[in-house]
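As stored in data-v3.tsv (TSV, C-alpha atoms and all ligand atoms):
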```tsv
chain	number	residue	atom	x	y	z
A	1	MET	CA	43.38	75.19	-3.44
A	2	LYS	CA	42.39	78.81	-2.88
A	3	ARG	CA	39.38	79.76	-0.80
A	4	ILE	CA	37.90	82.77	-2.53
A	5	LEU	CA	34.51	83.33	-0.94
A	6	GLY	CA	32.89	82.41	2.32
A	7	ALA	CA	29.99	83.39	4.56
A	8	GLY	CA	30.45	87.03	5.50
A	9	PHE	CA	33.69	87.29	3.57
A	10	ALA	CA	32.48	87.78	0.01
A	11	GLY	CA	35.30	88.89	-2.23
A	12	ILE	CA	38.12	88.32	0.26
A	13	ALA	CA	40.85	85.92	-0.85
A	14	LEU	CA	42.16	83.65	1.90
A	15	THR	CA	45.14	81.33	1.85
A	16	ALA	CA	45.01	77.55	1.69
A	17	MET	CA	46.20	77.44	5.30
A	18	ALA	CA	43.27	79.52	6.49
A	19	THR	CA	40.95	77.28	4.45
A	20	ALA	CA	41.98	74.20	6.39
A	21	CYS	CA	40.82	75.84	9.63
A	22	TRP	CA	37.23	76.25	8.45
A	23	ALA	CA	34.55	73.83	9.50
A	24	ALA	CA	33.25	71.64	6.66
A	25	LYS	CA	29.80	73.16	6.90
A	26	THR	CA	30.82	76.75	6.24
A	27	PRO	CA	29.37	77.55	2.84
A	28	ASP	CA	32.11	78.61	0.49
A	29	VAL	CA	33.75	78.57	-2.93
A	30	GLN	CA	37.25	77.33	-3.60
A	31	GLU	CA	39.23	77.56	-6.82
A	32	ALA	CA	41.93	75.19	-8.10
A	33	PRO	CA	43.69	74.42	-11.40
A	34	PHE	CA	42.19	71.50	-13.36
A	35	GLY	CA	44.53	71.20	-16.37
A	36	GLN	CA	44.69	72.83	-19.78
A	37	THR	CA	42.76	72.95	-23.03
A	38	ALA	CA	44.31	71.58	-26.23
A	39	SER	CA	45.63	75.06	-27.00
A	40	GLY	CA	47.26	75.35	-23.57
A	41	LYS	CA	44.72	77.60	-21.84
A	42	ALA	CA	44.37	77.08	-18.09
A	43	VAL	CA	41.17	75.45	-16.84
A	44	GLN	CA	39.96	76.16	-13.30
A	45	VAL	CA	37.63	74.10	-11.13
A	46	TYR	CA	35.42	75.72	-8.48
A	47	THR	CA	34.18	73.79	-5.46
A	48	LEU	CA	30.95	75.11	-3.98
A	49	THR	CA	29.95	73.86	-0.52
A	50	ASN	CA	26.61	74.67	1.07
A	51	GLU	CA	25.90	74.91	4.79
A	52	HIS	CA	24.92	71.23	4.97
A	53	GLY	CA	28.17	70.07	3.39
A	54	ILE	CA	26.71	69.29	-0.06
A	55	GLN	CA	29.43	69.94	-2.60
A	56	ALA	CA	29.42	70.74	-6.34
A	57	ARG	CA	32.57	71.09	-8.48
A	58	ILE	CA	32.25	73.02	-11.73
A	59	MET	CA	35.04	73.66	-14.22
A	60	THR	CA	35.43	76.45	-16.73
A	61	TYR	CA	35.84	74.03	-19.68
A	62	GLY	CA	32.29	73.39	-20.88
A	63	GLY	CA	30.89	74.93	-17.67
A	64	THR	CA	30.90	71.30	-16.64
A	65	LEU	CA	29.56	69.87	-13.40
A	66	VAL	CA	32.46	67.57	-12.55
A	67	SER	CA	31.19	66.15	-9.27
A	68	LEU	CA	28.24	66.51	-6.93
A	69	LYS	CA	28.38	65.06	-3.42
A	70	THR	CA	25.08	64.55	-1.60
A	71	PRO	CA	24.16	62.49	1.49
A	72	ASP	CA	22.45	59.11	1.49
A	73	ARG	CA	19.77	58.21	4.06
A	74	ASN	CA	22.53	57.75	6.69
A	75	GLY	CA	24.09	61.12	5.94
A	76	LYS	CA	27.05	59.61	4.08
A	77	LEU	CA	28.23	61.83	1.21
A	78	ALA	CA	28.94	60.30	-2.20
A	79	ASP	CA	29.39	61.63	-5.70
A	80	ILE	CA	26.17	61.23	-7.71
A	81	VAL	CA	27.41	62.40	-11.12
A	82	LEU	CA	29.84	60.68	-13.46
A	83	GLY	CA	32.93	62.62	-14.39
A	84	PHE	CA	36.70	62.77	-14.51
A	85	ASP	CA	39.61	63.88	-12.32
A	86	SER	CA	41.14	66.39	-14.71
A	87	VAL	CA	40.12	68.22	-17.86
A	88	LYS	CA	42.16	65.84	-20.07
A	89	PRO	CA	39.46	63.22	-20.88
A	90	TYR	CA	36.92	66.00	-21.47
A	91	VAL	CA	39.28	67.67	-23.95
A	92	GLU	CA	39.87	64.28	-25.58
A	93	GLY	CA	36.12	64.02	-26.15
A	94	VAL	CA	34.01	62.22	-23.53
A	95	PRO	CA	30.35	62.49	-24.58
A	96	TYR	CA	29.09	65.59	-22.77
A	97	TYR	CA	29.54	64.30	-19.19
A	98	GLY	CA	28.17	67.08	-16.92
A	99	ALA	CA	28.62	69.76	-19.58
A	100	LEU	CA	26.57	72.77	-20.56
A	101	ILE	CA	25.05	72.15	-23.97
A	102	GLY	CA	24.50	74.83	-26.60
A	103	ARG	CA	23.72	76.50	-28.82
A	104	TYR	CA	21.16	73.82	-29.46
A	105	ALA	CA	20.77	70.91	-27.06
A	106	ASN	CA	19.64	67.70	-28.81
A	107	ARG	CA	19.24	67.10	-32.54
A	108	ILE	CA	18.50	69.26	-35.58
A	109	ALA	CA	17.48	67.18	-38.60
A	110	ASN	CA	20.07	67.07	-41.39
A	111	GLY	CA	21.92	69.81	-39.50
A	112	ARG	CA	19.81	72.34	-41.34
A	113	PHE	CA	17.12	74.91	-40.63
A	114	THR	CA	15.56	77.89	-42.38
A	115	LEU	CA	15.00	81.11	-40.47
A	116	ASP	CA	13.45	84.29	-41.92
A	117	GLY	CA	13.90	82.82	-45.42
A	118	LYS	CA	17.59	81.95	-45.07
A	119	THR	CA	18.86	78.37	-44.78
A	120	TYR	CA	21.69	77.58	-42.37
A	121	GLN	CA	23.88	74.46	-42.50
A	122	LEU	CA	25.31	73.12	-39.24
A	123	PRO	CA	27.94	70.40	-38.76
A	124	LYS	CA	26.49	66.89	-38.98
A	125	ASN	CA	28.09	65.19	-35.99
A	126	ASP	CA	25.46	62.51	-35.34
A	127	GLY	CA	24.78	60.51	-38.52
A	128	PRO	CA	22.80	62.82	-40.79
A	129	ASN	CA	21.94	65.22	-37.94
A	130	SER	CA	23.52	67.91	-35.80
A	131	LEU	CA	23.71	67.05	-32.08
A	132	HIS	CA	24.33	69.26	-29.04
A	133	GLY	CA	25.63	72.34	-30.86
A	134	GLY	CA	27.82	70.67	-33.51
A	135	ASP	CA	31.49	69.70	-33.62
A	136	LYS	CA	32.55	72.22	-31.01
A	137	GLY	CA	29.51	73.13	-28.95
A	138	PHE	CA	29.38	74.97	-25.63
A	139	ASP	CA	30.59	71.80	-23.88
A	140	LYS	CA	34.00	72.26	-25.56
A	141	ARG	CA	34.39	76.00	-24.94
A	142	LEU	CA	36.19	77.80	-22.16
A	143	TRP	CA	33.80	79.87	-20.03
A	144	THR	CA	34.80	82.76	-17.80
A	145	ALA	CA	33.74	82.29	-14.19
A	146	LYS	CA	32.78	84.65	-11.39
A	147	PRO	CA	32.15	83.12	-7.97
A	148	PHE	CA	29.62	84.77	-5.68
A	149	GLU	CA	27.72	84.11	-2.52
A	150	THR	CA	24.28	85.17	-1.32
A	151	LYS	CA	22.31	84.07	1.73
A	152	GLU	CA	20.83	81.30	-0.46
A	153	GLY	CA	24.31	79.77	-0.89
A	154	PRO	CA	27.54	79.84	-2.91
A	155	GLY	CA	27.42	80.20	-6.69
A	156	LEU	CA	29.31	80.58	-9.93
A	157	ARG	CA	28.31	82.81	-12.84
A	158	LEU	CA	29.72	81.59	-16.14
A	159	THR	CA	29.84	83.53	-19.39
A	160	TYR	CA	30.56	82.50	-22.94
A	161	VAL	CA	30.36	84.68	-26.03
A	162	SER	CA	29.74	82.68	-29.18
A	163	ALA	CA	30.83	84.49	-32.36
A	164	ASP	CA	28.45	85.19	-35.24
A	165	GLY	CA	28.56	82.10	-37.47
A	166	GLU	CA	30.12	79.79	-34.87
A	167	GLU	CA	29.21	76.16	-35.70
A	168	GLY	CA	27.01	77.57	-38.47
A	169	TYR	CA	24.63	79.49	-36.19
A	170	PRO	CA	23.74	83.15	-36.90
A	171	GLY	CA	24.36	86.07	-34.53
A	172	LYS	CA	26.81	86.78	-31.76
A	173	LEU	CA	25.27	85.03	-28.77
A	174	THR	CA	26.22	86.04	-25.22
A	175	THR	CA	25.28	83.36	-22.70
A	176	HIS	CA	25.38	83.49	-18.90
A	177	VAL	CA	24.82	80.39	-16.83
A	178	THR	CA	24.53	80.75	-13.07
A	179	TYR	CA	25.00	77.72	-10.87
A	180	GLN	CA	24.03	78.15	-7.22
A	181	LEU	CA	24.34	75.43	-4.60
A	182	ARG	CA	21.59	76.53	-2.31
A	183	ASN	CA	21.37	75.98	1.41
A	184	ASP	CA	17.93	74.41	0.91
A	185	ASN	CA	19.88	71.49	-0.65
A	186	SER	CA	19.33	72.25	-4.28
A	187	LEU	CA	21.49	73.09	-7.27
A	188	SER	CA	19.94	75.91	-9.25
A	189	ILE	CA	20.99	76.51	-12.88
A	190	GLU	CA	19.81	79.72	-14.52
A	191	TYR	CA	20.41	80.33	-18.21
A	192	GLU	CA	20.30	83.73	-19.91
A	193	ALA	CA	21.27	84.77	-23.44
A	194	THR	CA	21.06	87.63	-25.91
A	195	THR	CA	21.84	87.69	-29.61
A	196	THR	CA	22.71	90.15	-32.38
A	197	LYS	CA	20.76	88.18	-35.05
A	198	PRO	CA	17.78	85.80	-34.85
A	199	THR	CA	19.04	82.33	-33.91
A	200	PRO	CA	17.74	79.06	-32.45
A	201	ILE	CA	18.74	78.39	-28.85
A	202	ASN	CA	18.21	75.43	-26.52
A	203	LEU	CA	20.41	75.18	-23.44
A	204	THR	CA	20.78	72.39	-20.89
A	205	ASN	CA	23.13	70.61	-18.53
A	206	HIS	CA	24.12	67.07	-19.48
A	207	SER	CA	24.95	65.44	-16.13
A	208	TYR	CA	24.93	61.66	-15.92
A	209	PHE	CA	23.42	60.80	-12.55
A	210	ASN	CA	24.00	57.64	-10.57
A	211	LEU	CA	22.26	58.28	-7.26
A	212	SER	CA	23.74	55.15	-5.68
A	213	GLY	CA	27.06	57.00	-5.53
A	214	ASN	CA	28.73	53.87	-6.88
A	215	PRO	CA	29.03	53.85	-10.67
A	216	GLN	CA	29.60	50.08	-10.62
A	217	ASN	CA	25.81	49.89	-10.20
A	218	THR	CA	23.58	50.38	-13.23
A	219	ILE	CA	20.72	52.86	-13.03
A	220	LEU	CA	18.15	50.18	-13.93
A	221	ASN	CA	16.86	49.66	-10.37
A	222	ASP	CA	16.20	53.36	-9.80
A	223	VAL	CA	12.59	54.48	-9.69
A	224	LEU	CA	11.51	57.37	-11.90
A	225	LEU	CA	8.52	59.63	-12.16
A	226	ILE	CA	8.17	61.95	-15.16
A	227	ASN	CA	5.45	64.56	-14.99
A	228	ALA	CA	4.38	64.12	-18.62
A	229	ASP	CA	1.37	62.58	-20.31
A	230	LYS	CA	2.89	62.82	-23.80
A	231	PHE	CA	6.27	62.36	-25.46
A	232	THR	CA	7.70	63.21	-28.87
A	233	PRO	CA	8.19	59.94	-30.78
A	234	ILE	CA	11.24	59.74	-33.07
A	235	ASN	CA	12.21	58.20	-36.39
A	236	ALA	CA	15.14	55.84	-36.95
A	237	THR	CA	17.65	58.75	-36.88
A	238	MET	CA	16.14	59.99	-33.59
A	239	ILE	CA	14.40	63.04	-35.05
A	240	PRO	CA	10.86	63.71	-33.74
A	241	THR	CA	8.06	62.82	-36.13
A	242	GLY	CA	6.23	65.97	-34.99
A	243	GLU	CA	3.53	64.01	-33.23
A	244	LEU	CA	2.83	64.33	-29.48
A	245	GLN	CA	2.01	60.77	-28.48
A	246	PRO	CA	0.15	59.93	-25.24
A	247	VAL	CA	2.34	57.87	-22.90
A	248	ALA	CA	-0.67	55.90	-21.63
A	249	GLY	CA	-0.27	52.18	-22.34
A	250	THR	CA	3.39	52.54	-23.46
A	251	PRO	CA	6.78	51.94	-21.75
A	252	PHE	CA	7.04	55.75	-21.73
A	253	ASP	CA	4.41	56.12	-19.03
A	254	PHE	CA	6.28	57.30	-15.92
A	255	ARG	CA	3.35	59.24	-14.46
A	256	LYS	CA	3.57	56.93	-11.47
A	257	PRO	CA	7.01	56.11	-10.00
A	258	THR	CA	8.29	53.13	-12.04
A	259	VAL	CA	11.48	51.05	-11.99
A	260	ILE	CA	13.57	52.18	-14.98
A	261	GLY	CA	14.57	48.64	-15.98
A	262	ALA	CA	11.03	47.26	-15.83
A	263	ARG	CA	10.12	47.95	-19.48
A	264	ILE	CA	13.40	49.09	-21.06
A	265	ASN	CA	13.75	45.86	-23.06
A	266	ASP	CA	10.11	45.74	-24.22
A	267	ASN	CA	9.51	45.03	-27.87
A	268	ASN	CA	8.76	48.62	-28.81
A	269	GLU	CA	9.87	50.44	-31.96
A	270	GLN	CA	10.71	53.65	-30.07
A	271	LEU	CA	12.91	51.77	-27.59
A	272	HIS	CA	14.62	50.01	-30.52
A	273	TYR	CA	15.37	53.28	-32.32
A	274	ALA	CA	16.99	54.75	-29.19
A	275	HIS	CA	18.51	51.47	-27.87
A	276	GLY	CA	16.67	52.11	-24.59
A	277	TYR	CA	15.24	55.37	-23.28
A	278	ASP	CA	16.52	58.45	-25.10
A	279	ASP	CA	13.45	60.56	-25.67
A	280	ASN	CA	11.84	63.90	-25.00
A	281	TRP	CA	8.82	64.03	-22.69
A	282	VAL	CA	6.27	66.85	-22.95
A	283	LEU	CA	5.90	68.21	-19.44
A	284	VAL	CA	2.51	68.96	-17.90
A	285	LYS	CA	2.40	72.72	-17.18
A	286	PRO	CA	-0.32	75.10	-16.00
A	287	HIS	CA	1.21	77.71	-18.36
A	288	PRO	CA	4.20	77.42	-20.73
A	289	ASP	CA	6.93	79.02	-18.58
A	290	ALA	CA	5.77	77.68	-15.19
A	291	MET	CA	8.47	76.26	-12.90
A	292	THR	CA	7.12	72.77	-12.25
A	293	THR	CA	8.33	69.33	-11.27
A	294	ALA	CA	9.62	67.52	-14.34
A	295	ALA	CA	10.95	64.32	-12.77
A	296	VAL	CA	11.60	62.61	-9.45
A	297	LEU	CA	14.31	59.95	-9.34
A	298	THR	CA	14.71	57.64	-6.33
A	299	ASP	CA	17.54	55.23	-5.62
A	300	PRO	CA	16.05	52.64	-3.23
A	301	GLY	CA	19.48	51.35	-2.15
A	302	SER	CA	20.93	54.63	-0.86
A	303	GLY	CA	17.63	56.41	-0.21
A	304	ARG	CA	18.75	59.38	-2.34
A	305	VAL	CA	15.99	61.27	-4.13
A	306	LEU	CA	16.53	63.81	-6.90
A	307	GLU	CA	13.69	66.09	-7.94
A	308	VAL	CA	14.08	68.13	-11.12
A	309	LYS	CA	12.08	71.33	-11.51
A	310	THR	CA	12.19	73.45	-14.63
A	311	THR	CA	10.66	76.28	-16.61
A	312	GLU	CA	11.40	74.31	-19.81
A	313	PRO	CA	8.62	72.51	-21.71
A	314	GLY	CA	10.47	69.19	-22.12
A	315	ILE	CA	12.92	66.76	-20.60
A	316	GLN	CA	15.23	64.25	-22.30
A	317	PHE	CA	15.58	61.07	-20.29
A	318	TYR	CA	18.54	59.06	-21.57
A	319	THR	CA	19.69	55.78	-20.02
A	320	GLY	CA	23.37	55.72	-20.98
A	321	ASN	CA	22.67	53.38	-23.91
A	322	PHE	CA	25.92	54.34	-25.61
A	323	GLN	CA	28.16	54.04	-22.53
A	324	ASP	CA	30.88	51.46	-23.16
A	325	GLY	CA	33.29	51.66	-20.23
A	326	LYS	CA	35.63	54.10	-21.94
A	327	PRO	CA	37.31	56.19	-20.75
A	328	ALA	CA	37.63	55.43	-17.04
A	329	GLY	CA	36.81	58.27	-14.65
A	330	LYS	CA	37.34	58.98	-10.95
A	331	GLY	CA	39.07	55.63	-10.47
A	332	THR	CA	36.34	53.51	-12.07
A	333	VAL	CA	34.90	52.68	-15.49
A	334	TYR	CA	31.51	53.88	-16.67
A	335	ASN	CA	29.86	50.82	-18.15
A	336	TYR	CA	26.62	50.44	-20.10
A	337	ARG	CA	23.71	52.16	-18.35
A	338	THR	CA	25.61	53.28	-15.27
A	339	GLY	CA	24.46	56.86	-15.68
A	340	LEU	CA	21.23	58.54	-16.73
A	341	THR	CA	20.55	62.08	-17.88
A	342	LEU	CA	17.56	64.29	-17.20
A	343	GLU	CA	18.11	67.14	-19.66
A	344	THR	CA	15.58	69.93	-19.34
A	345	GLN	CA	15.03	71.43	-22.77
A	346	HIS	CA	12.86	72.63	-25.62
A	347	PHE	CA	11.89	69.82	-27.94
A	348	PRO	CA	14.46	68.32	-30.34
A	349	ASP	CA	14.50	69.71	-33.90
A	350	SER	CA	12.15	72.58	-32.99
A	351	PRO	CA	13.62	74.89	-35.70
A	352	ASN	CA	12.14	72.45	-38.27
A	353	GLN	CA	8.91	71.67	-36.40
A	354	PRO	CA	6.44	74.56	-36.65
A	355	SER	CA	4.02	72.95	-34.16
A	356	PHE	CA	6.63	72.76	-31.36
A	357	PRO	CA	7.20	75.70	-28.95
A	358	SER	CA	9.56	78.16	-30.64
A	359	THR	CA	13.29	78.16	-29.90
A	360	ILE	CA	14.05	81.33	-31.86
A	361	LEU	CA	15.72	84.19	-29.98
A	362	ARG	CA	15.68	87.61	-31.61
A	363	PRO	CA	17.79	90.74	-31.00
A	364	GLY	CA	16.33	92.79	-28.14
A	365	GLN	CA	14.92	89.70	-26.41
A	366	THR	CA	16.55	87.90	-23.47
A	367	PHE	CA	16.41	84.13	-23.38
A	368	LYS	CA	15.73	82.86	-19.86
A	369	SER	CA	15.41	79.38	-18.49
A	370	HIS	CA	15.72	77.92	-14.99
A	371	THR	CA	16.24	74.36	-13.74
A	372	VAL	CA	16.64	73.23	-10.14
A	373	PHE	CA	17.94	69.87	-8.93
A	374	ILE	CA	16.64	69.21	-5.41
A	375	PHE	CA	18.32	66.64	-3.15
A	376	ARG	CA	16.62	64.75	-0.34
A	377	THR	CA	16.43	61.23	1.05
A	378	THR	CA	13.77	58.66	1.76
A	379	LYS	CA	13.65	55.84	4.31
B	1	LIG	C1	21.27	62.21	-26.49
B	1	LIG	C2	21.84	60.84	-26.81
B	1	LIG	C3	23.33	60.96	-26.93
B	1	LIG	C4	23.85	61.47	-25.63
B	1	LIG	C5	25.32	61.64	-25.66
B	1	LIG	C6	21.86	62.63	-25.19
B	1	LIG	O1	21.39	63.90	-24.87
B	1	LIG	O2	19.87	62.20	-26.44
B	1	LIG	O3	21.29	60.34	-28.00
B	1	LIG	O4	23.92	59.75	-27.26
B	1	LIG	O5	23.26	62.70	-25.33
B	1	LIG	O6	25.81	61.71	-24.38
```
Could the structure of this file be written out as structure tokens, please?
Amino acid sequence: MKRILGAGFAGIALTAMATACWAAKTPDVQEAPFGQTASGKAVQVYTLTNEHGIQARIMTYGGTLVSLKTPDRNGKLADIVLGFDSVKPYVEGVPYYGALIGRYANRIANGRFTLDGKTYQLPKNDGPNSLHGGDKGFDKRLWTAKPFETKEGPGLRLTYVSADGEEGYPGKLTTHVTYQLRNDNSLSIEYEATTTKPTPINLTNHSYFNLSGNPQNTILNDVLLINADKFTPINATMIPTGELQPVAGTPFDFRKPTVIGARINDNNEQLHYAHGYDDNWVLVKPHPDAMTTAAVLTDPGSGRVLEVKTTEPGIQFYTGNFQDGKPAGKGTVYNYRTGLTLETQHFPDSPNQPSFPSTILRPGQTFKSHTVFIFRTTK
């Protein structure tokens, strides 16, 4: 493994031997090979460590967060995201574990939308709909990576240029995603994009969290707060009906911290359609782009707490309803509901829903979005 950046040494490459001499709490970035894509291109993994020893590993394939080690209430580090030990299972098609999702996170009905009078057809890779950017979305692309370090902590700036027409979407889209593992114990993800033609865009990170640090445990005993008084109900193919439904009196009310498993098996049409929770919540915001708390997840066993803040208007909370134990990762299997996602986003199917906040990016504009995962513990 090659140490490429460290406090006060930005840009200086050091040898593996020198690396071993550094104290664990020196913030830094290390680079190592992680395998190859199907076409034989080398994939690198970058390990970011902040000054408290929190560690995030991100690979260039899919800009994927491969592991994230945070302390429990006793200071013991464990990995709180599901993932794999090499790029191989990702290339073979695991469902979006830790990946960056684009061009359009979530579903577009019938894989079709009309923009400025022209209709575009996208791949239908989820029943009748297009999901997470199509057959080969941003999660399956090789990103270029540039490590950096500021006084806030070590980071990685990833870039991917999506060709005009890729996966059916118009315009050449240049996307930068900047991960920074901050010394205030947070992982910041900033998204930026420009286009040569008007195009829909909705970017997110698709990490499966298991705050217990032991993926043998389900996520059903975790306690969740979602800062939303409405959600976007779906039809049987998981496309929003267009309505914003109050959460009050439904199993979707997480305005107070609530055990995830408490109502997940309720007799509720929405829960049946999604086989559990797999919905978009409409976040409470003082103004549309405000950076606000979207969700707070607590694992009572380990004491780990994850707070999600975002400038996005929505969040998809998904309870691993399609996890089936395959393939095995990091020496264990990922069974039903052993991971949950908190995907900050614009609402699903927005290109076909005129009443939803717009997801259209036009030439000359810069798309910007920012999400922060904050790590702390409770007694
Ligand atoms: C979607 C789920 C889908 C999952 C795949 C989530 O973002 O909402 O329906 O099965 O991604 O990992």
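Interatomic distance, atom CA of Ala32 of chain A to atom CA of Tyr208 of chain A: 23.1 Å.
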**Study point:** Expected selection as a ChimeraX atom specification for ligand LIG 1 (chain B) within 10 Å, only C-alpha atoms and all ligand atoms
**Key:** /A:94-99,101,105-107,126,131-132,204-208,237-238,274-275,277-280,315-323,340-343,348
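The coordinates place atom CA of Tyr191 of chain A at 16.6 Å from atom CA of Ser358 of chain A.
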Practice item. Write out as a list in words the residues lying within 6 Å of Val66 of chain A, counting only C-alpha atoms and excluding same-chain residues fewer than 3 positions away. Key: Arg57, Ile58 and Gly83 of chain A
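Of note, atom CA of Gly155 of chain A and atom CA of Gln365 of chain A are spaced 25.2 Å apart.
Minimum atom-to-atom distance to Trp143 of chain A, evaluated using only C-alpha atoms, belongs to A:His176 out of A:Arg362, A:Lys118, A:Arg304, A:His176.
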Mind dumping a table of every segment 169-273 of chain A residue within 6 Å of segment 366-376 of chain A, with the nearest atom pair and its distance in Å to one decimal, using only C-alpha atoms, sorted by chain and rising number, as a tab-separated table?
```
residue	atom	partner	partner_atom	distance
A:Asn185	CA	A:Phe375	CA	5.7
A:Ser186	CA	A:Ile374	CA	4.2
A:Leu187	CA	A:Phe373	CA	5.1
A:Ser188	CA	A:Val372	CA	4.3
A:Ile189	CA	A:Thr371	CA	5.3
A:Glu190	CA	A:His370	CA	4.5
A:Tyr191	CA	A:Ser369	CA	5.1
A:Glu192	CA	A:Lys368	CA	4.7
A:Ala193	CA	A:Phe367	CA	4.9
A:Thr194	CA	A:Thr366	CA	5.1
```
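Using all atoms listed in the file, the shortest contact distance between Leu77 of chain A and any of A:Gly213, A:Pro123, A:Pro233, A:Gly93 is found at A:Gly213.
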Practice item. Find the residues near Thr378 of chain A: any atom within 8 Å, counting only C-alpha atoms, skip ones fewer than 5 places away on the same chain, and give them as a list in words. Key: Arg73, Gly303, Arg304 and Val305 of chain A
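Among A:Pro27, A:Gly249, A:Pro198, A:Pro147, the residue with the shortest atom-to-atom distance to Pro170 of chain A, counting only C-alpha atoms, is A:Pro198.
With only C-alpha atoms as the atoms that count, the minimum distance from Asn50 of chain A to the choices A:Arg182, A:Arg103, A:Arg112, A:Lys124 is reached by A:Arg182.
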